[in-house]
file work_38.cif (mmCIF, C-alpha atoms and all ligand atoms)
data_work
loop_
_atom_site.label_atom_id
_atom_site.label_comp_id
_atom_site.auth_asym_id
_atom_site.auth_seq_id
_atom_site.Cartn_x
_atom_site.Cartn_y
_atom_site.Cartn_z
CA MET A 5 0.00 0.00 0.00
CA THR A 6 1.20 3.51 -0.71
CA SER A 7 1.81 5.92 2.10
CA SER A 8 -0.63 8.44 0.65
CA VAL A 9 -3.48 5.98 1.25
CA ALA A 10 -2.23 5.44 4.82
CA MET A 11 -2.16 9.21 5.26
CA THR A 12 -5.74 9.50 4.10
CA LEU A 13 -6.92 6.86 6.55
CA ALA A 14 -4.96 8.45 9.39
CA ASP A 15 -6.38 11.85 8.48
CA ARG A 16 -9.93 10.54 8.42
CA LEU A 17 -9.41 8.82 11.76
CA GLU A 18 -8.05 12.02 13.22
CA ARG A 19 -11.03 13.99 11.94
CA VAL A 20 -13.52 11.55 13.48
CA LEU A 21 -11.64 11.49 16.81
CA ASP A 22 -11.47 15.29 16.89
CA GLU A 23 -15.21 15.53 16.32
CA LEU A 24 -15.90 12.81 18.90
CA ARG A 25 -13.91 14.65 21.59
CA ALA A 26 -15.49 17.99 20.67
CA VAL A 27 -19.01 16.57 20.90
CA CYS A 28 -18.25 14.95 24.27
CA LEU A 29 -17.05 18.28 25.66
CA ARG A 30 -19.95 20.20 24.14
CA ALA A 31 -22.34 17.73 25.77
CA GLY A 32 -20.71 18.35 29.15
CA ARG A 33 -19.04 14.96 29.21
CA GLY A 34 -15.36 14.00 29.57
CA ALA A 35 -13.38 14.17 26.31
CA GLU A 36 -12.81 10.40 26.38
CA ASP A 37 -16.28 9.39 27.60
CA ALA A 38 -17.29 7.96 24.24
CA ARG A 39 -14.94 5.46 22.63
CA LEU A 40 -14.56 4.92 18.91
CA VAL A 41 -15.03 1.47 17.39
CA ALA A 42 -13.63 1.66 13.86
CA VAL A 43 -15.87 -0.56 11.72
CA SER A 44 -13.59 -2.36 9.24
CA LYS A 45 -16.03 -4.84 7.70
CA ARG A 46 -15.29 -5.71 4.05
CA LYS A 47 -12.09 -3.66 4.26
CA PRO A 48 -8.66 -5.26 3.79
CA THR A 49 -6.31 -5.92 6.68
CA GLU A 50 -3.78 -3.43 5.30
CA ASP A 51 -6.32 -0.68 5.90
CA ILE A 52 -6.75 -1.93 9.46
CA ARG A 53 -2.99 -1.88 9.95
CA ALA A 54 -2.83 1.73 8.75
CA VAL A 55 -5.55 2.83 11.17
CA LEU A 56 -3.97 0.80 13.97
CA ALA A 57 -0.64 2.48 13.28
CA ALA A 58 -2.41 5.82 13.72
CA GLY A 59 -3.29 4.78 17.27
CA GLN A 60 -6.78 3.28 16.96
CA CYS A 61 -7.15 -0.04 18.86
CA ASP A 62 -10.88 -0.90 18.78
CA PHE A 63 -12.14 -2.41 15.52
CA GLY A 64 -15.60 -3.72 14.64
CA GLU A 65 -16.55 -6.54 12.29
CA ASN A 66 -20.00 -7.89 11.54
CA TYR A 67 -19.44 -11.18 9.73
CA ALA A 68 -18.28 -14.03 11.96
CA GLN A 69 -15.90 -15.76 9.56
CA GLU A 70 -14.46 -12.44 8.42
CA LEU A 71 -13.65 -11.64 12.05
CA ARG A 72 -12.01 -15.05 12.49
CA ASP A 73 -9.92 -14.64 9.33
CA LYS A 74 -8.83 -11.09 10.09
CA ALA A 75 -7.99 -11.92 13.70
CA ARG A 76 -5.72 -14.69 12.36
CA GLU A 77 -4.07 -12.41 9.81
CA LEU A 78 -3.51 -9.74 12.44
CA ALA A 79 -2.52 -12.10 15.25
CA ASP A 80 0.81 -10.24 15.56
CA ALA A 81 -0.99 -6.96 16.32
CA ASP A 82 -1.35 -7.30 20.10
CA ALA A 83 -2.96 -3.89 20.54
CA ILE A 84 -6.11 -4.74 18.57
CA ARG A 85 -9.39 -5.16 20.41
CA TRP A 86 -12.04 -6.75 18.20
CA HIS A 87 -15.72 -5.96 18.56
CA TYR A 88 -18.25 -8.26 16.96
CA ILE A 89 -21.10 -5.91 15.99
CA GLY A 90 -23.17 -8.08 13.65
CA PRO A 91 -26.05 -10.43 14.27
CA LEU A 92 -24.81 -13.85 15.32
CA GLN A 93 -26.07 -17.33 14.49
CA ARG A 94 -25.71 -20.03 17.11
CA ASN A 95 -23.54 -22.21 14.87
CA LYS A 96 -21.00 -19.38 14.55
CA VAL A 97 -20.35 -18.57 18.20
CA LYS A 98 -17.06 -20.46 17.96
CA TYR A 99 -15.66 -17.80 15.63
CA VAL A 100 -16.25 -14.90 18.00
CA VAL A 101 -16.19 -16.07 21.64
CA GLY A 102 -12.81 -15.22 23.09
CA THR A 103 -11.75 -13.47 19.86
CA ALA A 104 -13.97 -10.43 20.36
CA THR A 105 -13.57 -8.33 23.48
CA LEU A 106 -17.27 -7.42 23.22
CA LEU A 107 -20.24 -8.84 21.30
CA HIS A 108 -22.62 -5.97 20.51
CA ALA A 109 -25.69 -7.65 19.04
CA VAL A 110 -26.88 -10.49 21.25
CA ASP A 111 -30.65 -10.79 21.11
CA ASP A 112 -32.10 -14.11 22.26
CA ALA A 113 -31.95 -16.63 25.05
CA ARG A 114 -30.96 -19.60 22.89
CA LEU A 115 -28.04 -17.60 21.53
CA LEU A 116 -27.08 -16.76 25.13
CA ASP A 117 -27.06 -20.48 25.95
CA ALA A 118 -24.83 -21.24 22.96
CA LEU A 119 -22.45 -18.45 23.96
CA GLU A 120 -22.43 -19.65 27.57
CA GLY A 121 -21.51 -23.19 26.46
CA ARG A 122 -18.66 -21.95 24.30
CA ALA A 123 -17.33 -19.50 26.93
CA ALA A 124 -17.48 -22.18 29.63
CA ARG A 125 -15.52 -24.65 27.49
CA ALA A 126 -12.94 -21.96 26.74
CA ASP A 127 -12.85 -21.12 30.46
CA LEU A 128 -13.40 -17.40 29.93
CA VAL A 129 -15.98 -14.75 30.69
CA GLN A 130 -17.39 -13.11 27.56
CA ASP A 131 -18.68 -9.52 27.66
CA VAL A 132 -21.82 -8.90 25.61
CA LEU A 133 -24.32 -6.17 24.81
CA VAL A 134 -27.98 -6.80 24.07
CA GLN A 135 -29.27 -5.23 20.86
CA VAL A 136 -32.72 -3.71 21.25
CA ASN A 137 -35.02 -3.30 18.25
CA LEU A 138 -36.63 -0.14 19.57
CA ALA A 139 -38.34 0.82 16.33
CA ALA A 140 -39.86 -2.69 16.14
CA GLU A 141 -38.65 -3.17 12.56
CA PRO A 142 -39.82 -6.63 11.42
CA GLN A 143 -36.62 -7.71 9.60
CA LYS A 144 -34.21 -6.20 12.08
CA ALA A 145 -32.09 -8.05 14.62
CA GLY A 146 -32.55 -7.17 18.27
CA VAL A 147 -34.89 -8.06 21.10
CA SER A 148 -38.13 -6.10 21.36
CA GLU A 149 -38.42 -3.66 24.23
CA ALA A 150 -41.21 -5.83 25.66
CA ASP A 151 -39.01 -8.95 25.69
CA LEU A 152 -35.91 -7.22 27.05
CA PRO A 153 -36.61 -7.83 30.78
CA LEU A 154 -36.97 -11.60 30.31
CA LEU A 155 -33.79 -11.79 28.25
CA VAL A 156 -31.87 -9.81 30.86
CA GLU A 157 -33.05 -12.18 33.60
CA HIS A 158 -31.62 -15.06 31.57
CA PHE A 159 -28.10 -13.81 32.37
CA ALA A 160 -28.55 -15.27 35.86
CA GLN A 161 -28.15 -18.66 34.13
CA THR A 162 -25.02 -17.72 32.15
CA PRO A 163 -22.12 -17.33 34.63
CA HIS A 164 -19.61 -17.08 31.76
CA LEU A 165 -21.34 -14.07 30.21
CA ARG A 166 -21.51 -10.48 31.43
CA LEU A 167 -24.15 -8.10 30.19
CA ARG A 168 -22.20 -4.86 29.77
CA GLY A 169 -24.91 -2.71 28.23
CA LEU A 170 -27.23 -2.13 25.29
CA MET A 171 -26.85 -1.59 21.56
CA LEU A 172 -29.07 0.14 19.04
CA MET A 173 -29.18 0.25 15.25
CA PRO A 174 -32.02 2.66 14.40
CA PRO A 175 -33.86 2.54 11.06
CA TYR A 176 -31.67 4.12 8.41
CA ASP A 177 -32.45 7.77 7.95
CA PRO A 178 -30.03 10.27 6.39
CA ASP A 179 -31.19 12.88 8.91
CA PRO A 180 -28.90 12.48 11.94
CA GLU A 181 -31.63 13.86 14.22
CA ALA A 182 -34.00 11.01 13.32
CA GLY A 183 -32.37 8.63 15.77
CA ARG A 184 -32.41 10.99 18.76
CA PRO A 185 -35.64 9.81 20.44
CA LEU A 186 -34.46 6.21 20.14
CA PHE A 187 -30.98 6.99 21.49
CA ARG A 188 -32.65 8.73 24.43
CA ARG A 189 -34.95 5.78 24.99
CA LEU A 190 -32.03 3.32 24.98
CA ALA A 191 -30.22 5.43 27.56
CA ARG A 192 -33.30 5.24 29.79
CA LEU A 193 -33.46 1.47 29.44
CA ARG A 194 -29.79 1.20 30.41
CA GLU A 195 -30.41 3.30 33.50
CA ASP A 196 -33.26 1.02 34.53
CA LEU A 197 -31.01 -2.00 34.09
CA ALA A 198 -28.25 -0.40 36.14
CA THR A 199 -30.47 -0.38 39.19
CA SER A 200 -31.93 -3.86 38.61
CA GLY A 201 -29.35 -5.66 40.74
CA LEU A 202 -29.60 -8.70 38.46
CA GLU A 203 -26.84 -11.29 38.39
CA ASN A 204 -24.12 -10.89 35.72
CA VAL A 205 -25.63 -7.57 34.69
CA VAL A 206 -23.26 -4.57 34.81
CA PRO A 207 -24.61 -2.27 32.11
CA LYS A 208 -22.09 0.54 31.69
CA GLU A 209 -22.09 0.73 27.90
CA LEU A 210 -24.39 2.25 25.30
CA SER A 211 -23.33 1.26 21.78
CA MET A 212 -25.10 3.65 19.42
CA GLY A 213 -24.24 6.07 16.63
CA MET A 214 -22.63 5.49 13.22
CA SER A 215 -20.83 7.67 10.68
CA HIS A 216 -23.73 10.02 10.01
CA ASP A 217 -25.26 10.29 13.49
CA PHE A 218 -22.61 9.59 16.12
CA ALA A 219 -22.64 13.20 17.33
CA VAL A 220 -26.34 12.95 18.19
CA ALA A 221 -25.79 9.56 19.85
CA VAL A 222 -23.00 11.00 22.01
CA GLU A 223 -25.24 13.89 23.05
CA GLU A 224 -27.70 11.24 24.25
CA GLY A 225 -25.10 9.27 26.20
CA ALA A 226 -23.35 6.83 23.82
CA THR A 227 -20.20 5.30 25.33
CA LEU A 228 -19.26 3.38 22.16
CA VAL A 229 -19.81 4.70 18.64
CA ARG A 230 -19.45 2.38 15.64
CA VAL A 231 -18.00 4.32 12.71
CA GLY A 232 -17.06 2.74 9.40
CA THR A 233 -17.50 4.85 6.28
CA ALA A 234 -16.25 8.11 7.80
CA ILE A 235 -12.89 6.40 8.44
CA PHE A 236 -12.48 3.71 5.79
CA GLY A 237 -14.56 5.21 2.98
CA GLU A 238 -17.36 3.49 1.08
CA ARG A 239 -17.43 -0.30 1.36
CA PRO A 240 -17.51 -2.66 -1.62
CA PRO A 241 -20.92 -4.32 -1.98
CA LYS A 242 -21.58 -7.66 -0.30
CA THR A 243 -20.60 -10.54 -2.55
CA TRP A 244 -22.31 -13.32 -0.58
C1 LIG A 301 -21.53 -1.26 9.19
C2 LIG A 301 -22.00 -0.99 10.56
C3 LIG A 301 -21.70 0.22 11.21
C4 LIG A 301 -20.92 1.35 10.55
O1 LIG A 301 -21.69 2.03 9.64
P1 LIG A 301 -21.14 3.36 8.88
O2 LIG A 301 -22.36 4.01 8.39
O3 LIG A 301 -20.24 2.88 7.80
O4 LIG A 301 -20.42 4.16 9.90
C5 LIG A 301 -22.15 0.38 12.50
N1 LIG A 301 -22.85 -0.58 13.15
C6 LIG A 301 -23.14 -1.75 12.56
C7 LIG A 301 -23.91 -2.77 13.33
C8 LIG A 301 -22.74 -2.00 11.26
O5 LIG A 301 -23.05 -3.16 10.68
#

call {"tool": "encode", "arguments": {"input": "work_38.cif", "output": "structure tokens", "more": "lines below"}}
Ligand SMILES: *Cc1c(COP(=O)(O)O)cnc(C)c1O
result
Amino acid sequence: MTSSVAMTLADRLERVLDELRAVCLRAGRGAEDARLVAVSKRKPTEDIRAVLAAGQCDFGENYAQELRDKARELADADAIRWHYIGPLQRNKVKYVVGTATLLHAVDDARLLDALEGRAARADLVQDVLVQVNLAAEPQKAGVSEADLPLLVEHFAQTPHLRLRGLMLMPPYDPDPEAGRPLFRRLARLREDLATSGLENVVPKELSMGMSHDFAVAVEEGATLVRVGTAIFGERPPKTW
């Protein structure tokens, strides 16, 4: 890869980080209160290396085998923390448990049981977020708001999993303000969870906000923003 491409990626990263810090401060929060997850799906590992070299450590992937393959290719890069942000099928938990520092999109009890089995066999504790489908979109991953309490109670039966917070992927709308009521609602749900006293439930994180709306999400309390395009540029279309 040429250094001019690396420069561009580093510049874009810098721009996003500058904006992230500025929004945190403007919202009366600490400059580092919201962390950036650089979403590298369908982008080559040399791009990840360039962004890593610029100081970014958290990377997000949303296809299980792609995460496995990239984690292997980048096994020498000790500083990387992988986030698995995509929906997960039970037969693919082996690719992500222990590889990802955090799973962002867990959404049903049978998946929790599969993750628990895998984490127990690997003798580790896996941090997860529950994705909530707040807009009740029929095709969308995520537990409904109505079913959230029951799913959260299920963590009492999964000693090798920790519920670290909630994740939201609002309906796509080019207007960054469109997500605000949902971001606010998710923050409320997290607060309720924080006082629930349930076992294995320590909900500090709110994963919400993408390239076009992360500023609004941070104003509403996001602790993790998932930004792809604004750093890596447009993605090639899916080929599978
Ligand atoms: C791709 C993806 C993102 C990043 O989207 P951009 O618009 O490229 O910033 C964030 N979250 C999830 C779950 C994604 O799949």

call {"tool": "residues_around", "arguments": {"input": "work_38.cif", "residues": "Glu224 (chain A)", "least_positions_apart": "2", "cutoff": "6 Å", "atoms": "all atoms listed in the file", "output": "ChimeraX atom specification"}}
result
/A:188,221-222

call {"tool": "residues_near_ligand", "arguments": {"input": "work_38.cif", "ligand": "ligand LIG 301 (chain A)", "cutoff": "9 Å", "atoms": "all atoms listed in the file", "output": "mmCIF file with C-alpha atoms, in the frame of the given file"}}
result
data_model
loop_
_atom_site.group_PDB
_atom_site.id
_atom_site.type_symbol
_atom_site.label_atom_id
_atom_site.label_comp_id
_atom_site.auth_asym_id
_atom_site.auth_seq_id
_atom_site.Cartn_x
_atom_site.Cartn_y
_atom_site.Cartn_z
ATOM 1 C CA VAL A 41 -15.030 1.470 17.390
ATOM 2 C CA ALA A 42 -13.630 1.660 13.860
ATOM 3 C CA VAL A 43 -15.870 -0.560 11.720
ATOM 4 C CA SER A 44 -13.590 -2.360 9.240
ATOM 5 C CA LYS A 45 -16.030 -4.840 7.700
ATOM 6 C CA GLY A 64 -15.600 -3.720 14.640
ATOM 7 C CA GLU A 65 -16.550 -6.540 12.290
ATOM 8 C CA ASN A 66 -20.000 -7.890 11.540
ATOM 9 C CA TYR A 67 -19.440 -11.180 9.730
ATOM 10 C CA TYR A 88 -18.250 -8.260 16.960
ATOM 11 C CA ILE A 89 -21.100 -5.910 15.990
ATOM 12 C CA GLY A 90 -23.170 -8.080 13.650
ATOM 13 C CA PRO A 91 -26.050 -10.430 14.270
ATOM 14 C CA HIS A 108 -22.620 -5.970 20.510
ATOM 15 C CA ALA A 109 -25.690 -7.650 19.040
ATOM 16 C CA MET A 171 -26.850 -1.590 21.560
ATOM 17 C CA LEU A 172 -29.070 0.140 19.040
ATOM 18 C CA MET A 173 -29.180 0.250 15.250
ATOM 19 C CA SER A 211 -23.330 1.260 21.780
ATOM 20 C CA MET A 212 -25.100 3.650 19.420
ATOM 21 C CA GLY A 213 -24.240 6.070 16.630
ATOM 22 C CA MET A 214 -22.630 5.490 13.220
ATOM 23 C CA SER A 215 -20.830 7.670 10.680
ATOM 24 C CA HIS A 216 -23.730 10.020 10.010
ATOM 25 C CA ASP A 217 -25.260 10.290 13.490
ATOM 26 C CA PHE A 218 -22.610 9.590 16.120
ATOM 27 C CA VAL A 229 -19.810 4.700 18.640
ATOM 28 C CA ARG A 230 -19.450 2.380 15.640
ATOM 29 C CA VAL A 231 -18.000 4.320 12.710
ATOM 30 C CA GLY A 232 -17.060 2.740 9.400
ATOM 31 C CA THR A 233 -17.500 4.850 6.280
ATOM 32 C CA ALA A 234 -16.250 8.110 7.800
ATOM 33 C CA ILE A 235 -12.890 6.400 8.440
ATOM 34 C CA PHE A 236 -12.480 3.710 5.790
ATOM 35 C CA GLY A 237 -14.560 5.210 2.980
ATOM 36 C CA GLU A 238 -17.360 3.490 1.080
ATOM 37 C CA ARG A 239 -17.430 -0.300 1.360
#

call {"tool": "residues_near_point", "arguments": {"input": "work_38.cif", "point": "(-26.5, 3.9, 30.0)", "cutoff": "6 Å", "atoms": "all atoms listed in the file", "output": "MDAnalysis selection string"}}
result
chainID A and resid 191 194:195 208:210

call {"tool": "residues_near_point", "arguments": {"input": "work_38.cif", "point": "(-23.0, -19.9, 15.7)", "cutoff": "10 Å", "atoms": "all atoms listed in the file", "output": "PDB file with C-alpha atoms, keeping the file's coordinate frame"}}
result
ATOM      1  CA  ALA A  68     -18.280 -14.030  11.960  1.00  0.00           C
ATOM      2  CA  LEU A  92     -24.810 -13.850  15.320  1.00  0.00           C
ATOM      3  CA  GLN A  93     -26.070 -17.330  14.490  1.00  0.00           C
ATOM      4  CA  ARG A  94     -25.710 -20.030  17.110  1.00  0.00           C
ATOM      5  CA  ASN A  95     -23.540 -22.210  14.870  1.00  0.00           C
ATOM      6  CA  LYS A  96     -21.000 -19.380  14.550  1.00  0.00           C
ATOM      7  CA  VAL A  97     -20.350 -18.570  18.200  1.00  0.00           C
ATOM      8  CA  LYS A  98     -17.060 -20.460  17.960  1.00  0.00           C
ATOM      9  CA  TYR A  99     -15.660 -17.800  15.630  1.00  0.00           C
ATOM     10  CA  VAL A 100     -16.250 -14.900  18.000  1.00  0.00           C
ATOM     11  CA  VAL A 101     -16.190 -16.070  21.640  1.00  0.00           C
ATOM     12  CA  LEU A 115     -28.040 -17.600  21.530  1.00  0.00           C
ATOM     13  CA  ALA A 118     -24.830 -21.240  22.960  1.00  0.00           C
ATOM     14  CA  LEU A 119     -22.450 -18.450  23.960  1.00  0.00           C
ATOM     15  CA  ARG A 122     -18.660 -21.950  24.300  1.00  0.00           C
TER      16      ARG A 122
END

call {"tool": "atom_distance", "arguments": {"input": "work_38.cif", "atom1": "CA of Pro240 (chain A)", "atom2": "CA of Ala75 (chain A)"}}
result
20.3 Å

call {"tool": "residues_around", "arguments": {"input": "work_38.cif", "residues": "Leu152 (chain A)", "least_positions_apart": "5", "cutoff": "9 Å", "atoms": "all atoms listed in the file", "output": "list in words"}}
result
Asp111, Val134, Val136, Val147 and Glu157 of chain A

call {"tool": "atom_distance", "arguments": {"input": "work_38.cif", "atom1": "CA of Lys144 (chain A)", "atom2": "CA of Glu223 (chain A)"}}
result
24.6 Å

call {"tool": "atom_distance", "arguments": {"input": "work_38.cif", "atom1": "CA of Pro48 (chain A)", "atom2": "CA of Pro241 (chain A)"}}
result
13.6 Å

call {"tool": "closest_residue", "arguments": {"input": "work_38.cif", "among": "A:Val206, A:Leu154, A:Leu193, A:Leu78", "to": "Leu138 (chain A)", "atoms": "all atoms listed in the file"}}
result
A:Leu193

call {"tool": "closest_residue", "arguments": {"input": "work_38.cif", "among": "A:His158, A:Lys242, A:His87, A:Arg189", "to": "Arg72 (chain A)", "atoms": "only C-alpha atoms"}}
result
A:His87

call {"tool": "closest_residue", "arguments": {"input": "work_38.cif", "among": "A:Asp62, A:Asp22, A:Asp73, A:Glu149", "to": "Ala219 (chain A)", "atoms": "only C-alpha atoms"}}
result
A:Asp22

call {"tool": "residues_around", "arguments": {"input": "work_38.cif", "residues": "region 55-58 of chain A", "least_positions_apart": "6", "cutoff": "10 Å", "atoms": "all atoms listed in the file", "output": "JSON, numbers by chain"}}
result
{"A": [10, 11, 12, 13, 14, 15, 16, 17, 18, 42, 44, 49, 81, 83, 84, 235, 236]}

call {"tool": "axis_aligned_box", "arguments": {"input": "work_38.cif", "around": "region 200-210 of chain A", "padding_each_side": "4 Å", "output": "lines of an AutoDock Vina configuration file"}}
result
center_x = -27.0
center_y = -4.5
center_z = 33.0
size_x = 17.8
size_y = 21.5
size_z = 23.4

call {"tool": "build_atoms", "arguments": {"input": "work_38.cif", "residues": "region 31-45 of chain A", "atoms": "N, CA and C atoms", "output": "short mmCIF file (atom, residue, chain, number, x, y, z; two decimals), in the frame of the given file"}}
result
data_model
loop_
_atom_site.label_atom_id
_atom_site.label_comp_id
_atom_site.auth_asym_id
_atom_site.auth_seq_id
_atom_site.Cartn_x
_atom_site.Cartn_y
_atom_site.Cartn_z
N ALA A 31 -21.21 18.34 25.06
CA ALA A 31 -22.34 17.73 25.77
C ALA A 31 -22.10 17.69 27.28
N GLY A 32 -20.99 18.32 27.71
CA GLY A 32 -20.71 18.35 29.15
C GLY A 32 -20.17 17.04 29.69
N ARG A 33 -19.62 16.23 28.79
CA ARG A 33 -19.04 14.96 29.21
C ARG A 33 -17.52 15.03 29.11
N GLY A 34 -16.82 14.06 29.70
CA GLY A 34 -15.36 14.00 29.57
C GLY A 34 -14.97 13.76 28.12
N ALA A 35 -13.81 14.26 27.71
CA ALA A 35 -13.38 14.17 26.31
C ALA A 35 -13.26 12.73 25.84
N GLU A 36 -13.00 11.80 26.77
CA GLU A 36 -12.81 10.40 26.38
C GLU A 36 -14.01 9.53 26.79
N ASP A 37 -15.13 10.15 27.10
CA ASP A 37 -16.28 9.39 27.60
C ASP A 37 -16.91 8.47 26.56
N ALA A 38 -16.75 8.82 25.29
CA ALA A 38 -17.29 7.96 24.24
C ALA A 38 -16.11 7.42 23.44
N ARG A 39 -16.05 6.09 23.33
CA ARG A 39 -14.94 5.46 22.63
C ARG A 39 -15.32 5.13 21.20
N LEU A 40 -14.34 5.21 20.33
CA LEU A 40 -14.56 4.92 18.91
C LEU A 40 -14.28 3.45 18.60
N VAL A 41 -15.26 2.79 17.99
CA VAL A 41 -15.03 1.47 17.39
C VAL A 41 -14.97 1.70 15.88
N ALA A 42 -13.82 1.46 15.29
CA ALA A 42 -13.63 1.66 13.86
C ALA A 42 -14.14 0.41 13.13
N VAL A 43 -15.21 0.59 12.35
CA VAL A 43 -15.87 -0.56 11.72
C VAL A 43 -15.18 -0.88 10.38
N SER A 44 -14.47 -2.01 10.37
CA SER A 44 -13.59 -2.36 9.24
C SER A 44 -14.15 -3.46 8.35
N LYS A 45 -15.44 -3.76 8.50
CA LYS A 45 -16.03 -4.84 7.70
C LYS A 45 -15.82 -4.62 6.20
#
